[in-house]
file work_31.cif (mmCIF, C-alpha atoms and all ligand atoms)
data_structure
loop_
_atom_site.label_atom_id
_atom_site.label_comp_id
_atom_site.auth_asym_id
_atom_site.auth_seq_id
_atom_site.Cartn_x
_atom_site.Cartn_y
_atom_site.Cartn_z
CA MET A 1 -166.81 13.10 -53.11
CA TRP A 2 -166.38 9.49 -52.09
CA GLN A 3 -170.11 8.70 -52.23
CA PRO A 4 -171.82 11.53 -54.11
CA ASP A 5 -175.20 9.76 -54.03
CA ARG A 6 -175.13 10.12 -50.23
CA GLU A 7 -172.98 13.19 -49.65
CA ALA A 8 -174.95 15.35 -52.07
CA MET A 9 -178.35 13.74 -51.42
CA GLU A 10 -181.33 16.03 -51.87
CA ARG A 11 -182.49 16.95 -48.36
CA THR A 12 -186.09 15.71 -48.58
CA ALA A 13 -184.84 12.29 -49.61
CA LEU A 14 -182.21 12.48 -46.88
CA ALA A 15 -184.88 13.21 -44.26
CA GLY A 16 -186.77 10.10 -45.36
CA LEU A 17 -183.65 7.99 -45.04
CA VAL A 18 -182.86 9.46 -41.60
CA LEU A 19 -186.35 8.67 -40.32
CA GLU A 20 -186.13 5.11 -41.60
CA ARG A 21 -182.75 4.68 -39.89
CA MET A 22 -184.01 6.20 -36.64
CA ARG A 23 -186.67 3.51 -36.58
CA ALA A 24 -184.04 0.84 -37.32
CA THR A 25 -181.85 2.17 -34.51
CA LEU A 26 -184.75 2.05 -32.08
CA THR A 27 -185.55 -1.49 -33.18
CA ARG A 28 -181.98 -2.58 -32.57
CA ALA A 29 -181.75 -0.84 -29.19
CA ARG A 30 -184.91 -2.62 -28.08
CA THR A 31 -183.17 -5.99 -28.41
CA ASN A 32 -181.45 -5.11 -25.12
CA PRO A 33 -183.77 -4.93 -22.06
CA ALA A 34 -181.61 -2.18 -20.51
CA TRP A 35 -182.46 0.01 -23.50
CA VAL A 36 -186.15 -0.86 -23.32
CA ARG A 37 -186.16 0.41 -19.72
CA ARG A 38 -184.26 3.57 -20.69
CA LEU A 39 -186.58 4.36 -23.58
CA GLY A 40 -189.73 4.04 -21.48
CA GLY A 41 -191.57 1.86 -23.98
CA ALA A 42 -190.95 4.05 -27.05
CA ARG A 43 -191.51 2.03 -30.23
CA PRO A 44 -190.29 2.52 -33.81
CA ASP A 45 -193.87 3.13 -35.00
CA ASP A 46 -194.09 6.13 -32.65
CA LEU A 47 -191.62 7.94 -34.90
CA ARG A 48 -193.72 9.68 -37.56
CA HIS A 49 -191.62 12.82 -38.04
CA LEU A 50 -187.97 13.64 -37.39
CA ASP A 51 -189.03 15.87 -34.49
CA ASP A 52 -190.51 12.88 -32.68
CA TRP A 53 -186.92 11.84 -31.96
CA GLN A 54 -186.70 14.76 -29.52
CA ARG A 55 -189.16 13.06 -27.22
CA LEU A 56 -186.68 10.28 -26.46
CA PRO A 57 -184.56 10.62 -23.30
CA PHE A 58 -180.94 11.80 -23.47
CA LEU A 59 -178.07 9.39 -23.02
CA THR A 60 -175.27 10.69 -20.77
CA LYS A 61 -171.61 9.90 -20.35
CA ASP A 62 -172.37 8.58 -16.86
CA ALA A 63 -174.98 6.18 -18.24
CA LEU A 64 -172.35 4.80 -20.64
CA ARG A 65 -169.83 4.48 -17.80
CA ASP A 66 -172.39 2.72 -15.61
CA ALA A 67 -173.09 0.33 -18.49
CA TYR A 68 -169.46 -0.89 -18.46
CA PRO A 69 -168.56 -3.18 -20.08
CA PHE A 70 -171.45 -4.24 -22.35
CA GLY A 71 -174.60 -3.07 -20.53
CA LEU A 72 -175.99 -1.09 -23.48
CA ALA A 73 -174.36 -3.11 -26.26
CA CYS A 74 -176.56 -4.55 -29.02
CA GLY A 75 -174.29 -6.82 -31.04
CA GLY A 76 -176.73 -9.72 -30.72
CA ASP A 77 -175.84 -13.01 -32.35
CA GLU A 78 -173.33 -11.40 -34.67
CA GLY A 79 -171.08 -10.56 -31.72
CA TYR A 80 -168.20 -8.11 -31.73
CA ALA A 81 -165.20 -7.68 -33.97
CA ARG A 82 -163.41 -5.01 -31.91
CA VAL A 83 -163.49 -2.99 -28.73
CA HIS A 84 -162.30 0.60 -28.37
CA MET A 85 -162.20 2.64 -25.20
CA SER A 86 -162.15 6.30 -24.23
CA SER A 87 -159.41 7.73 -22.08
CA GLY A 88 -161.50 8.80 -19.10
CA THR A 89 -159.87 10.15 -15.96
CA THR A 90 -162.18 8.77 -13.27
CA GLY A 91 -164.52 5.82 -12.79
CA ASN A 92 -165.14 3.14 -15.40
CA PRO A 93 -163.93 3.81 -18.92
CA ILE A 94 -166.45 4.03 -21.75
CA LEU A 95 -166.21 1.01 -24.02
CA ASN A 96 -167.45 0.93 -27.57
CA PRO A 97 -167.91 -2.59 -28.98
CA TYR A 98 -167.90 -2.68 -32.80
CA THR A 99 -169.54 -5.32 -34.94
CA ALA A 100 -167.86 -6.16 -38.25
CA SER A 101 -170.41 -3.90 -39.90
CA ASP A 102 -169.41 -1.02 -37.58
CA VAL A 103 -165.76 -1.40 -38.57
CA ALA A 104 -166.83 -1.21 -42.22
CA GLN A 105 -169.03 1.83 -41.53
CA TRP A 106 -166.03 3.53 -39.93
CA GLY A 107 -163.91 2.95 -43.02
CA GLU A 108 -166.65 4.43 -45.17
CA VAL A 109 -167.07 7.68 -43.24
CA MET A 110 -163.30 8.07 -42.91
CA ALA A 111 -162.87 7.64 -46.66
CA ARG A 112 -165.42 10.43 -47.16
CA CYS A 113 -163.44 12.62 -44.76
CA TYR A 114 -160.18 12.07 -46.63
CA VAL A 115 -161.80 12.93 -49.96
CA ALA A 116 -163.37 16.08 -48.46
CA ALA A 117 -159.82 17.09 -47.49
CA GLY A 118 -158.64 16.57 -51.07
CA VAL A 119 -156.85 13.28 -50.33
CA GLY A 120 -156.88 10.41 -52.82
CA ARG A 121 -155.29 7.09 -53.73
CA ASP A 122 -152.01 8.67 -54.90
CA ASP A 123 -151.34 10.11 -51.48
CA VAL A 124 -148.91 8.85 -48.84
CA ILE A 125 -150.61 9.17 -45.46
CA GLN A 126 -148.65 9.27 -42.21
CA ILE A 127 -150.84 8.30 -39.26
CA THR A 128 -149.52 9.75 -35.99
CA PRO A 129 -152.34 9.04 -33.48
CA SER A 130 -151.82 5.83 -31.52
CA PHE A 131 -153.07 2.44 -32.63
CA GLY A 132 -154.73 0.73 -29.70
CA LEU A 133 -157.81 1.28 -27.62
CA PHE A 134 -157.81 4.94 -28.68
CA THR A 135 -159.82 5.28 -31.89
CA GLY A 136 -157.51 7.68 -33.75
CA GLY A 137 -154.96 5.41 -35.40
CA PHE A 138 -157.29 2.71 -36.68
CA GLY A 139 -159.91 5.13 -38.00
CA PHE A 140 -157.40 6.93 -40.19
CA HIS A 141 -156.01 3.58 -41.22
CA TYR A 142 -159.32 2.09 -42.40
CA GLY A 143 -160.23 5.20 -44.36
CA ALA A 144 -156.83 5.22 -46.06
CA GLU A 145 -157.16 1.56 -46.99
CA ARG A 146 -160.57 2.24 -48.49
CA LEU A 147 -159.02 4.96 -50.67
CA GLY A 148 -156.18 2.72 -51.73
CA ALA A 149 -153.61 5.25 -50.54
CA THR A 150 -150.18 4.36 -49.12
CA VAL A 151 -150.16 4.24 -45.33
CA ILE A 152 -147.30 4.89 -42.90
CA PRO A 153 -148.88 3.56 -39.67
CA ILE A 154 -146.26 4.89 -37.29
CA GLY A 155 -148.61 5.75 -34.42
CA ALA A 156 -147.86 8.14 -31.56
CA GLY A 157 -144.54 9.57 -30.40
CA ARG A 158 -141.00 9.17 -31.76
CA THR A 159 -141.12 12.62 -33.32
CA SER A 160 -137.60 12.46 -34.80
CA LEU A 161 -138.48 9.24 -36.58
CA GLN A 162 -141.78 10.77 -37.70
CA LEU A 163 -139.90 13.58 -39.41
CA LYS A 164 -137.35 11.26 -40.96
CA LEU A 165 -140.01 8.98 -42.47
CA MET A 166 -142.13 11.94 -43.49
CA ARG A 167 -139.21 13.29 -45.49
CA ASP A 168 -137.73 10.06 -46.85
CA LEU A 169 -141.05 8.38 -47.77
CA ARG A 170 -142.44 11.61 -49.23
CA ALA A 171 -145.56 11.69 -47.04
CA THR A 172 -148.12 14.07 -48.51
CA VAL A 173 -150.72 13.83 -45.72
CA VAL A 174 -150.30 13.86 -41.94
CA THR A 175 -153.09 12.91 -39.55
CA ALA A 176 -152.79 13.84 -35.87
CA ILE A 177 -154.22 14.99 -32.57
CA ALA A 178 -154.60 18.74 -33.12
CA THR A 179 -151.62 19.94 -31.06
CA TYR A 180 -149.16 17.30 -32.30
CA PRO A 181 -148.16 19.33 -35.38
CA LEU A 182 -146.74 21.87 -32.91
CA ARG A 183 -144.42 19.18 -31.59
CA LEU A 184 -143.41 18.30 -35.15
CA ILE A 185 -142.59 21.94 -35.86
CA GLU A 186 -140.52 22.25 -32.67
CA VAL A 187 -138.53 19.09 -33.20
CA ALA A 188 -137.92 19.97 -36.85
CA ARG A 189 -136.44 23.25 -35.68
CA GLU A 190 -134.33 21.62 -32.93
CA GLU A 191 -132.93 19.02 -35.28
CA GLY A 192 -132.43 21.25 -38.28
CA VAL A 193 -135.02 19.49 -40.47
CA ASP A 194 -136.06 21.88 -43.23
CA VAL A 195 -139.83 21.84 -43.58
CA GLY A 196 -139.28 22.84 -47.21
CA ASP A 197 -137.79 19.37 -47.82
CA LEU A 198 -141.08 17.69 -46.91
CA ALA A 199 -143.76 16.80 -49.46
CA LEU A 200 -146.65 17.44 -47.05
CA ARG A 201 -149.66 19.24 -48.47
CA VAL A 202 -152.61 18.24 -46.24
CA GLY A 203 -153.05 17.80 -42.50
CA ILE A 204 -156.13 16.26 -40.89
CA PHE A 205 -156.35 17.07 -37.20
CA GLY A 206 -158.84 16.58 -34.39
CA SER A 207 -159.57 15.17 -30.93
CA GLU A 208 -158.79 18.49 -29.22
CA MET A 209 -160.15 22.02 -29.37
CA TRP A 210 -157.94 24.10 -31.65
CA SER A 211 -158.61 27.69 -32.55
CA ASP A 212 -158.59 29.26 -36.00
CA ASP A 213 -155.40 31.04 -34.98
CA LEU A 214 -153.69 27.79 -34.11
CA ARG A 215 -154.79 26.38 -37.45
CA ALA A 216 -153.34 29.39 -39.28
CA ARG A 217 -150.04 28.95 -37.46
CA ILE A 218 -149.80 25.23 -38.23
CA GLU A 219 -150.64 25.84 -41.89
CA ARG A 220 -148.01 28.56 -42.21
CA GLU A 221 -145.22 26.66 -40.50
CA LEU A 222 -145.82 23.24 -42.06
CA ARG A 223 -146.90 24.71 -45.42
CA ILE A 224 -150.03 22.60 -45.57
CA ARG A 225 -153.78 22.97 -45.72
CA ALA A 226 -155.27 21.76 -42.41
CA TYR A 227 -158.71 20.18 -41.98
CA ASP A 228 -160.69 19.77 -38.77
CA ILE A 229 -162.12 16.28 -38.23
CA ILE A 230 -164.57 15.49 -35.42
CA GLY A 231 -165.80 12.32 -33.74
CA MET A 232 -165.29 10.52 -30.43
CA THR A 233 -165.01 7.00 -29.06
CA GLU A 234 -168.73 6.91 -28.30
CA THR A 235 -169.74 7.74 -31.89
CA GLY A 236 -167.26 5.23 -33.28
CA GLY A 237 -164.13 7.39 -33.43
CA PRO A 238 -163.11 10.17 -35.82
CA GLY A 239 -165.27 10.41 -38.93
CA LEU A 240 -168.45 12.02 -37.59
CA GLY A 241 -167.61 14.94 -39.88
CA ILE A 242 -164.92 17.18 -41.34
CA ASP A 243 -164.63 20.59 -42.90
CA CYS A 244 -164.16 20.81 -46.67
CA ALA A 245 -162.15 22.98 -49.04
CA ALA A 246 -164.82 25.69 -48.82
CA ARG A 247 -163.98 26.00 -45.10
CA ALA A 248 -167.57 26.91 -44.33
CA GLY A 249 -168.26 24.61 -41.40
CA ILE A 250 -167.90 20.94 -40.56
CA HIS A 251 -170.03 18.58 -42.65
CA VAL A 252 -171.71 15.89 -40.55
CA TRP A 253 -172.51 12.66 -42.43
CA GLU A 254 -176.21 12.83 -41.73
CA ASP A 255 -177.07 9.46 -43.24
CA HIS A 256 -174.97 7.96 -40.40
CA TYR A 257 -175.33 10.50 -37.58
CA HIS A 258 -178.18 12.72 -36.46
CA PRO A 259 -176.93 15.89 -34.72
CA GLU A 260 -179.02 18.17 -32.51
CA ILE A 261 -178.04 21.37 -30.70
CA VAL A 262 -179.60 21.85 -27.26
CA ASP A 263 -179.48 24.25 -24.35
CA PRO A 264 -176.86 22.69 -22.03
CA ALA A 265 -178.87 23.61 -18.94
CA THR A 266 -182.44 22.70 -19.95
CA GLY A 267 -181.92 20.30 -22.87
CA ALA A 268 -184.37 22.30 -25.02
CA ALA A 269 -183.66 22.46 -28.76
CA ARG A 270 -181.75 25.51 -29.97
CA PRO A 271 -182.45 27.08 -33.36
CA ASP A 272 -179.89 27.00 -36.16
CA GLY A 273 -177.18 29.58 -35.68
CA VAL A 274 -177.40 29.58 -31.89
CA GLU A 275 -174.66 27.90 -29.90
CA GLY A 276 -175.46 24.99 -27.63
CA GLU A 277 -174.43 21.47 -26.70
CA LEU A 278 -174.03 18.95 -29.49
CA VAL A 279 -176.22 15.87 -29.08
CA VAL A 280 -175.47 12.96 -31.41
CA SER A 281 -177.50 9.91 -32.35
CA THR A 282 -176.04 7.15 -34.48
CA LEU A 283 -178.18 5.84 -37.33
CA THR A 284 -176.16 2.88 -38.58
CA ARG A 285 -174.02 1.73 -35.66
CA GLN A 286 -174.88 -1.70 -34.32
CA GLY A 287 -172.60 -2.60 -31.40
CA LEU A 288 -173.37 0.52 -29.38
CA PRO A 289 -176.22 2.53 -30.85
CA LEU A 290 -176.39 6.03 -29.41
CA ILE A 291 -179.77 7.66 -28.93
CA ARG A 292 -179.47 11.38 -28.17
CA TYR A 293 -176.00 11.26 -26.64
CA ARG A 294 -174.93 14.43 -24.77
CA THR A 295 -171.39 15.09 -26.02
CA HIS A 296 -170.66 18.20 -23.87
CA ASP A 297 -169.18 19.83 -26.99
CA LEU A 298 -170.33 23.35 -27.81
CA THR A 299 -171.12 24.36 -31.36
CA ARG A 300 -173.99 25.57 -33.57
CA VAL A 301 -175.54 24.69 -36.90
CA VAL A 302 -173.94 27.00 -39.46
CA SER A 303 -176.13 26.00 -42.39
CA ARG A 304 -178.36 23.33 -43.91
CA ALA A 305 -178.02 24.83 -47.37
CA PRO A 306 -175.89 23.11 -50.03
CA CYS A 307 -172.21 23.96 -49.63
CA ALA A 308 -169.93 25.41 -52.31
CA CYS A 309 -168.27 21.97 -52.42
CA GLY A 310 -171.56 20.39 -53.57
CA ARG A 311 -172.28 18.46 -50.37
CA THR A 312 -175.71 18.85 -48.83
CA ALA A 313 -174.83 17.51 -45.36
CA LEU A 314 -175.46 20.17 -42.72
CA ARG A 315 -172.53 22.13 -41.40
CA LEU A 316 -171.59 22.69 -37.78
CA ASP A 317 -169.28 25.39 -36.52
CA ARG A 318 -165.85 24.28 -35.33
CA LEU A 319 -166.17 23.09 -31.74
CA ARG A 320 -165.95 26.06 -29.39
CA GLY A 321 -165.22 24.29 -26.15
CA ARG A 322 -166.81 21.77 -23.84
CA THR A 323 -169.52 22.44 -21.31
CA ASP A 324 -167.24 20.81 -18.75
CA ASP A 325 -164.09 22.81 -19.50
CA MET A 326 -165.70 26.18 -19.10
CA VAL A 327 -163.73 28.08 -16.45
CA ILE A 328 -165.36 30.48 -14.01
CA PHE A 329 -162.97 33.06 -12.59
CA LYS A 330 -164.29 35.83 -10.34
CA GLY A 331 -167.74 35.38 -11.82
CA VAL A 332 -166.59 35.52 -15.46
CA ASN A 333 -167.13 32.46 -17.69
CA PHE A 334 -164.60 31.69 -20.39
CA TYR A 335 -163.19 28.82 -22.45
CA PRO A 336 -159.45 28.12 -22.77
CA ARG A 337 -159.74 28.50 -26.52
CA GLN A 338 -160.72 32.15 -26.13
CA VAL A 339 -157.46 32.77 -24.27
CA GLU A 340 -155.61 30.86 -26.99
CA THR A 341 -157.01 33.18 -29.66
CA VAL A 342 -155.64 36.23 -27.87
CA VAL A 343 -152.23 34.68 -27.14
CA LEU A 344 -151.55 33.22 -30.58
CA ARG A 345 -152.28 36.35 -32.55
CA GLN A 346 -149.33 38.12 -30.88
CA PRO A 347 -146.09 38.09 -32.86
CA GLY A 348 -143.10 36.51 -31.13
CA VAL A 349 -144.97 34.16 -28.80
CA SER A 350 -144.69 30.38 -29.00
CA HIS A 351 -147.75 28.17 -29.37
CA GLU A 352 -147.51 26.93 -25.79
CA TYR A 353 -149.43 28.66 -23.02
CA GLN A 354 -151.06 27.70 -19.76
CA VAL A 355 -153.78 29.20 -17.58
CA VAL A 356 -153.03 28.64 -13.88
CA LEU A 357 -155.73 29.30 -11.28
CA ASP A 358 -154.87 29.48 -7.57
CA ALA A 359 -156.71 30.25 -4.37
CA GLU A 360 -155.12 33.24 -2.67
CA GLY A 361 -156.20 34.56 0.71
CA GLY A 362 -159.97 34.64 0.49
CA GLY A 363 -159.87 35.29 -3.26
CA GLU A 364 -158.44 33.71 -6.36
CA ARG A 365 -155.66 34.44 -8.78
CA MET A 366 -155.23 33.74 -12.47
CA VAL A 367 -151.89 33.63 -14.23
CA VAL A 368 -151.49 33.16 -17.97
CA VAL A 369 -148.04 31.72 -18.65
CA VAL A 370 -146.89 32.46 -22.19
CA GLU A 371 -143.70 31.28 -23.87
CA THR A 372 -141.88 33.84 -25.99
CA GLU A 373 -139.39 33.39 -28.79
CA PRO A 374 -135.96 35.09 -28.59
CA GLY A 375 -136.21 38.79 -29.43
CA CYS A 376 -139.90 39.04 -28.61
CA ASP A 377 -141.13 42.50 -27.60
CA PRO A 378 -141.41 42.44 -23.77
CA GLY A 379 -144.52 44.62 -24.08
CA VAL A 380 -146.44 41.61 -25.34
CA GLY A 381 -147.48 40.70 -21.79
CA VAL A 382 -149.22 44.03 -21.29
CA ARG A 383 -150.91 43.68 -24.66
CA ILE A 384 -152.23 40.19 -23.88
CA ARG A 385 -153.54 41.41 -20.54
CA ARG A 386 -155.30 44.35 -22.15
CA GLU A 387 -156.88 42.23 -24.87
CA LEU A 388 -158.08 39.62 -22.37
CA HIS A 389 -159.64 42.42 -20.42
CA ASP A 390 -161.32 43.99 -23.45
CA LEU A 391 -162.54 40.69 -24.87
CA LEU A 392 -163.42 38.64 -21.82
CA ALA A 393 -163.37 41.11 -18.89
CA LEU A 394 -160.54 39.09 -17.35
CA SER A 395 -157.56 40.69 -15.60
CA PRO A 396 -155.01 37.93 -15.18
CA GLU A 397 -151.35 38.28 -14.44
CA VAL A 398 -149.40 37.47 -17.62
CA ARG A 399 -146.05 35.80 -17.07
CA LEU A 400 -143.59 35.52 -19.96
CA CYS A 401 -141.05 32.72 -20.05
CA PRO A 402 -138.57 31.40 -22.63
CA GLU A 403 -139.67 28.94 -25.30
CA GLY A 404 -139.45 25.34 -24.06
CA THR A 405 -140.26 26.14 -20.41
CA LEU A 406 -143.72 24.55 -20.28
CA GLU A 407 -143.92 20.80 -20.19
CA ARG A 408 -144.98 19.08 -23.45
CA PRO A 409 -147.19 16.18 -22.40
CA GLN A 410 -147.59 13.04 -24.48
CA GLY A 411 -151.10 13.11 -25.94
CA LYS A 412 -153.48 15.96 -25.37
CA ALA A 413 -152.24 19.40 -24.33
CA VAL A 414 -152.87 20.65 -20.76
CA ARG A 415 -154.08 24.24 -21.04
CA VAL A 416 -155.66 24.87 -17.63
CA ILE A 417 -154.29 24.03 -14.19
CA ASP A 418 -156.89 24.75 -11.54
CA ARG A 419 -155.55 24.54 -8.00
CA ARG A 420 -158.41 26.40 -6.36
CA GLY A 421 -160.04 23.29 -4.87
CA ARG A 422 -163.79 23.04 -4.59
ZN ZN A 501 -168.48 21.78 -48.15
#

call {"tool": "encode", "arguments": {"input": "work_31.cif", "output": "structure tokens"}}
result
Amino acid sequence: MWQPDREAMERTALAGLVLERMRATLTRARTNPAWVRRLGGARPDDLRHLDDWQRLPFLTKDALRDAYPFGLACGGDEGYARVHMSSGTTGNPILNPYTASDVAQWGEVMARCYVAAGVGRDDVIQITPSFGLFTGGFGFHYGAERLGATVIPIGAGRTSLQLKLMRDLRATVVTAIATYPLRLIEVAREEGVDVGDLALRVGIFGSEMWSDDLRARIERELRIRAYDIIGMTETGGPGLGIDCAARAGIHVWEDHYHPEIVDPATGAARPDGVEGELVVSTLTRQGLPLIRYRTHDLTRVVSRAPCACGRTALRLDRLRGRTDDMVIFKGVNFYPRQVETVVLRQPGVSHEYQVVLDAEGGGERMVVVVETEPGCDPGVGVRIRRELHDLLALSPEVRLCPEGTLERPQGKAVRVIDRRGR
């Protein structure tokens, strides 16, 4: 552990610390009149128990967009050291202004994440997310500096160069957006780079939904152990939590972040073990404190018991999907990741697939486009269709095409194309 006194803190003591930090967060938020209006007069002294936090109003993505650029910021006299921004598709972007203390906090939680993934100061860490307004690159960088590891801050793209440096500089750790390792594997194959010549042993991936099956495939092909890191621009970037060697859920650093799971429709609390929407409050962030932020991510609390790794921080399930990328087709609800699970467990198919939804006549049509490797059994299409029917009650058309047919976008993968209109 990087900070055993915090990561393995006894839970009663942890609860006391969380309550104290909730009050501090409320105090800081109340320095901004826009927050005072939002919070309807709630005061730090009103918080007597952790559950009292649930009486505060939710903060939504739209509220953060409407607050562009600094409407809900609380940097005060200290001012800001940095601004990061989320890659939204419509309307104002969401800005997160960091104080110097926030940048330091980020380095701390990222160092914890690296150590949970078995990474230390002797490692050579190749950072493949971009450095810029996106939080990925810098977050991995600060954590690595904290550890004292060697950093290769290459940033996004240039996959041939990535592989060359990875091999020649003996990188032992790769950090990436979750589907980027697939691109590395493909380009290595195209260019005849032998993965066996690499010194990689650990991958830390996040920022996209990726199924257990995709993880197994990446681990097998890159011969690494892969860890799932979570976090978003609004919470201060990656570093909200990570899974550990026990692979028994994602530890959330509860002395910095307070997670809740709620019913996405009503906002009511959901008990441990039951899936719902993740709501995150920050406990130590200054520039943009979050109070009960609706993330739209779906998960559940796996356990609050101590983990085999010794950490006591609660564990969330790997993210299952987002409330806003749920697809409804002919009355059936599903998440792209569920389709991914069925596709990727078939031998002979590539890791690329796409779900295409079209309006047709008065009805609608769903096609799952799957890339196959040379020599793949042509019966795989029928099998995928049958399994999607058994598992999800979906009956899509399955179209097989040769590997390399689907476009590989820069950045996040596009899994669903919905042309049905509204
Ligand atoms: Zn653990």

call {"tool": "residues_near_point", "arguments": {"input": "work_31.cif", "point": "(-151.4, 26.9, -40.3)", "cutoff": "12 Å", "atoms": "all atoms listed in the file", "output": "MDAnalysis selection string"}}
result
chainID A and resid 178:179 181:182 185 201:205 210:228 344 351

call {"tool": "residues_around", "arguments": {"input": "work_31.cif", "residues": "Arg65 (chain A)", "least_positions_apart": "4", "cutoff": "9 Å", "atoms": "all atoms listed in the file", "output": "number ranges by chain"}}
result
A: 60-61, 69, 91-95

call {"tool": "residues_near_ligand", "arguments": {"input": "work_31.cif", "ligand": "ligand ZN 501 (chain A)", "cutoff": "10 Å", "atoms": "only C-alpha atoms and all ligand atoms", "output": "PyMOL selection string"}}
result
chain A and resi 7-8+116-117+242-251+306-315

call {"tool": "residues_around", "arguments": {"input": "work_31.cif", "residues": "region 276-289 of chain A", "least_positions_apart": "4", "cutoff": "9 Å", "atoms": "only C-alpha atoms", "output": "PDB file with C-alpha atoms, in the frame of the given file"}}
result
ATOM      1  CA  VAL A  18    -182.860   9.460 -41.600  1.00  0.00           C
ATOM      2  CA  ARG A  21    -182.750   4.680 -39.890  1.00  0.00           C
ATOM      3  CA  MET A  22    -184.010   6.200 -36.640  1.00  0.00           C
ATOM      4  CA  ARG A  23    -186.670   3.510 -36.580  1.00  0.00           C
ATOM      5  CA  ALA A  24    -184.040   0.840 -37.320  1.00  0.00           C
ATOM      6  CA  THR A  25    -181.850   2.170 -34.510  1.00  0.00           C
ATOM      7  CA  LEU A  26    -184.750   2.050 -32.080  1.00  0.00           C
ATOM      8  CA  ARG A  28    -181.980  -2.580 -32.570  1.00  0.00           C
ATOM      9  CA  ALA A  29    -181.750  -0.840 -29.190  1.00  0.00           C
ATOM     10  CA  PHE A  58    -180.940  11.800 -23.470  1.00  0.00           C
ATOM     11  CA  PHE A  70    -171.450  -4.240 -22.350  1.00  0.00           C
ATOM     12  CA  LEU A  72    -175.990  -1.090 -23.480  1.00  0.00           C
ATOM     13  CA  ALA A  73    -174.360  -3.110 -26.260  1.00  0.00           C
ATOM     14  CA  CYS A  74    -176.560  -4.550 -29.020  1.00  0.00           C
ATOM     15  CA  GLY A  75    -174.290  -6.820 -31.040  1.00  0.00           C
ATOM     16  CA  GLY A  76    -176.730  -9.720 -30.720  1.00  0.00           C
ATOM     17  CA  GLY A  79    -171.080 -10.560 -31.720  1.00  0.00           C
ATOM     18  CA  TYR A  80    -168.200  -8.110 -31.730  1.00  0.00           C
ATOM     19  CA  LEU A  95    -166.210   1.010 -24.020  1.00  0.00           C
ATOM     20  CA  ASN A  96    -167.450   0.930 -27.570  1.00  0.00           C
ATOM     21  CA  PRO A  97    -167.910  -2.590 -28.980  1.00  0.00           C
ATOM     22  CA  TYR A  98    -167.900  -2.680 -32.800  1.00  0.00           C
ATOM     23  CA  THR A  99    -169.540  -5.320 -34.940  1.00  0.00           C
ATOM     24  CA  SER A 101    -170.410  -3.900 -39.900  1.00  0.00           C
ATOM     25  CA  ASP A 102    -169.410  -1.020 -37.580  1.00  0.00           C
ATOM     26  CA  GLN A 105    -169.030   1.830 -41.530  1.00  0.00           C
ATOM     27  CA  GLU A 234    -168.730   6.910 -28.300  1.00  0.00           C
ATOM     28  CA  THR A 235    -169.740   7.740 -31.890  1.00  0.00           C
ATOM     29  CA  GLY A 236    -167.260   5.230 -33.280  1.00  0.00           C
ATOM     30  CA  GLU A 254    -176.210  12.830 -41.730  1.00  0.00           C
ATOM     31  CA  ASP A 255    -177.070   9.460 -43.240  1.00  0.00           C
ATOM     32  CA  HIS A 256    -174.970   7.960 -40.400  1.00  0.00           C
ATOM     33  CA  TYR A 257    -175.330  10.500 -37.580  1.00  0.00           C
ATOM     34  CA  HIS A 258    -178.180  12.720 -36.460  1.00  0.00           C
ATOM     35  CA  PRO A 259    -176.930  15.890 -34.720  1.00  0.00           C
ATOM     36  CA  GLU A 260    -179.020  18.170 -32.510  1.00  0.00           C
ATOM     37  CA  ILE A 261    -178.040  21.370 -30.700  1.00  0.00           C
ATOM     38  CA  VAL A 262    -179.600  21.850 -27.260  1.00  0.00           C
ATOM     39  CA  ASP A 263    -179.480  24.250 -24.350  1.00  0.00           C
ATOM     40  CA  PRO A 264    -176.860  22.690 -22.030  1.00  0.00           C
ATOM     41  CA  GLY A 267    -181.920  20.300 -22.870  1.00  0.00           C
ATOM     42  CA  ALA A 269    -183.660  22.460 -28.760  1.00  0.00           C
ATOM     43  CA  ARG A 270    -181.750  25.510 -29.970  1.00  0.00           C
ATOM     44  CA  TYR A 293    -176.000  11.260 -26.640  1.00  0.00           C
ATOM     45  CA  ARG A 294    -174.930  14.430 -24.770  1.00  0.00           C
ATOM     46  CA  THR A 295    -171.390  15.090 -26.020  1.00  0.00           C
ATOM     47  CA  HIS A 296    -170.660  18.200 -23.870  1.00  0.00           C
ATOM     48  CA  ASP A 297    -169.180  19.830 -26.990  1.00  0.00           C
ATOM     49  CA  LEU A 298    -170.330  23.350 -27.810  1.00  0.00           C
ATOM     50  CA  THR A 299    -171.120  24.360 -31.360  1.00  0.00           C
ATOM     51  CA  ARG A 300    -173.990  25.570 -33.570  1.00  0.00           C
ATOM     52  CA  ARG A 322    -166.810  21.770 -23.840  1.00  0.00           C
ATOM     53  CA  THR A 323    -169.520  22.440 -21.310  1.00  0.00           C
TER      54      THR A 323
END

call {"tool": "atom_distance", "arguments": {"input": "work_31.cif", "atom1": "CA of Asp66 (chain A)", "atom2": "CA of Pro336 (chain A)"}}
result
29.4 Å

call {"tool": "closest_residue", "arguments": {"input": "work_31.cif", "among": "A:Gly411, A:Trp106, A:Asp77, A:Leu200", "to": "Gly155 (chain A)", "atoms": "all atoms listed in the file"}}
result
A:Gly411

call {"tool": "closest_residue", "arguments": {"input": "work_31.cif", "among": "A:Ile328, A:Val380, A:Leu147, A:Val193", "to": "Thr159 (chain A)", "atoms": "all atoms listed in the file"}}
result
A:Val193

call {"tool": "atom_distance", "arguments": {"input": "work_31.cif", "atom1": "CA of Val151 (chain A)", "atom2": "CA of Gln126 (chain A)"}}
result
6.1 Å

call {"tool": "closest_residue", "arguments": {"input": "work_31.cif", "among": "A:Gly362, A:Gly348, A:Gly321, A:Gly148", "to": "Glu275 (chain A)", "atoms": "all atoms listed in the file"}}
result
A:Gly321
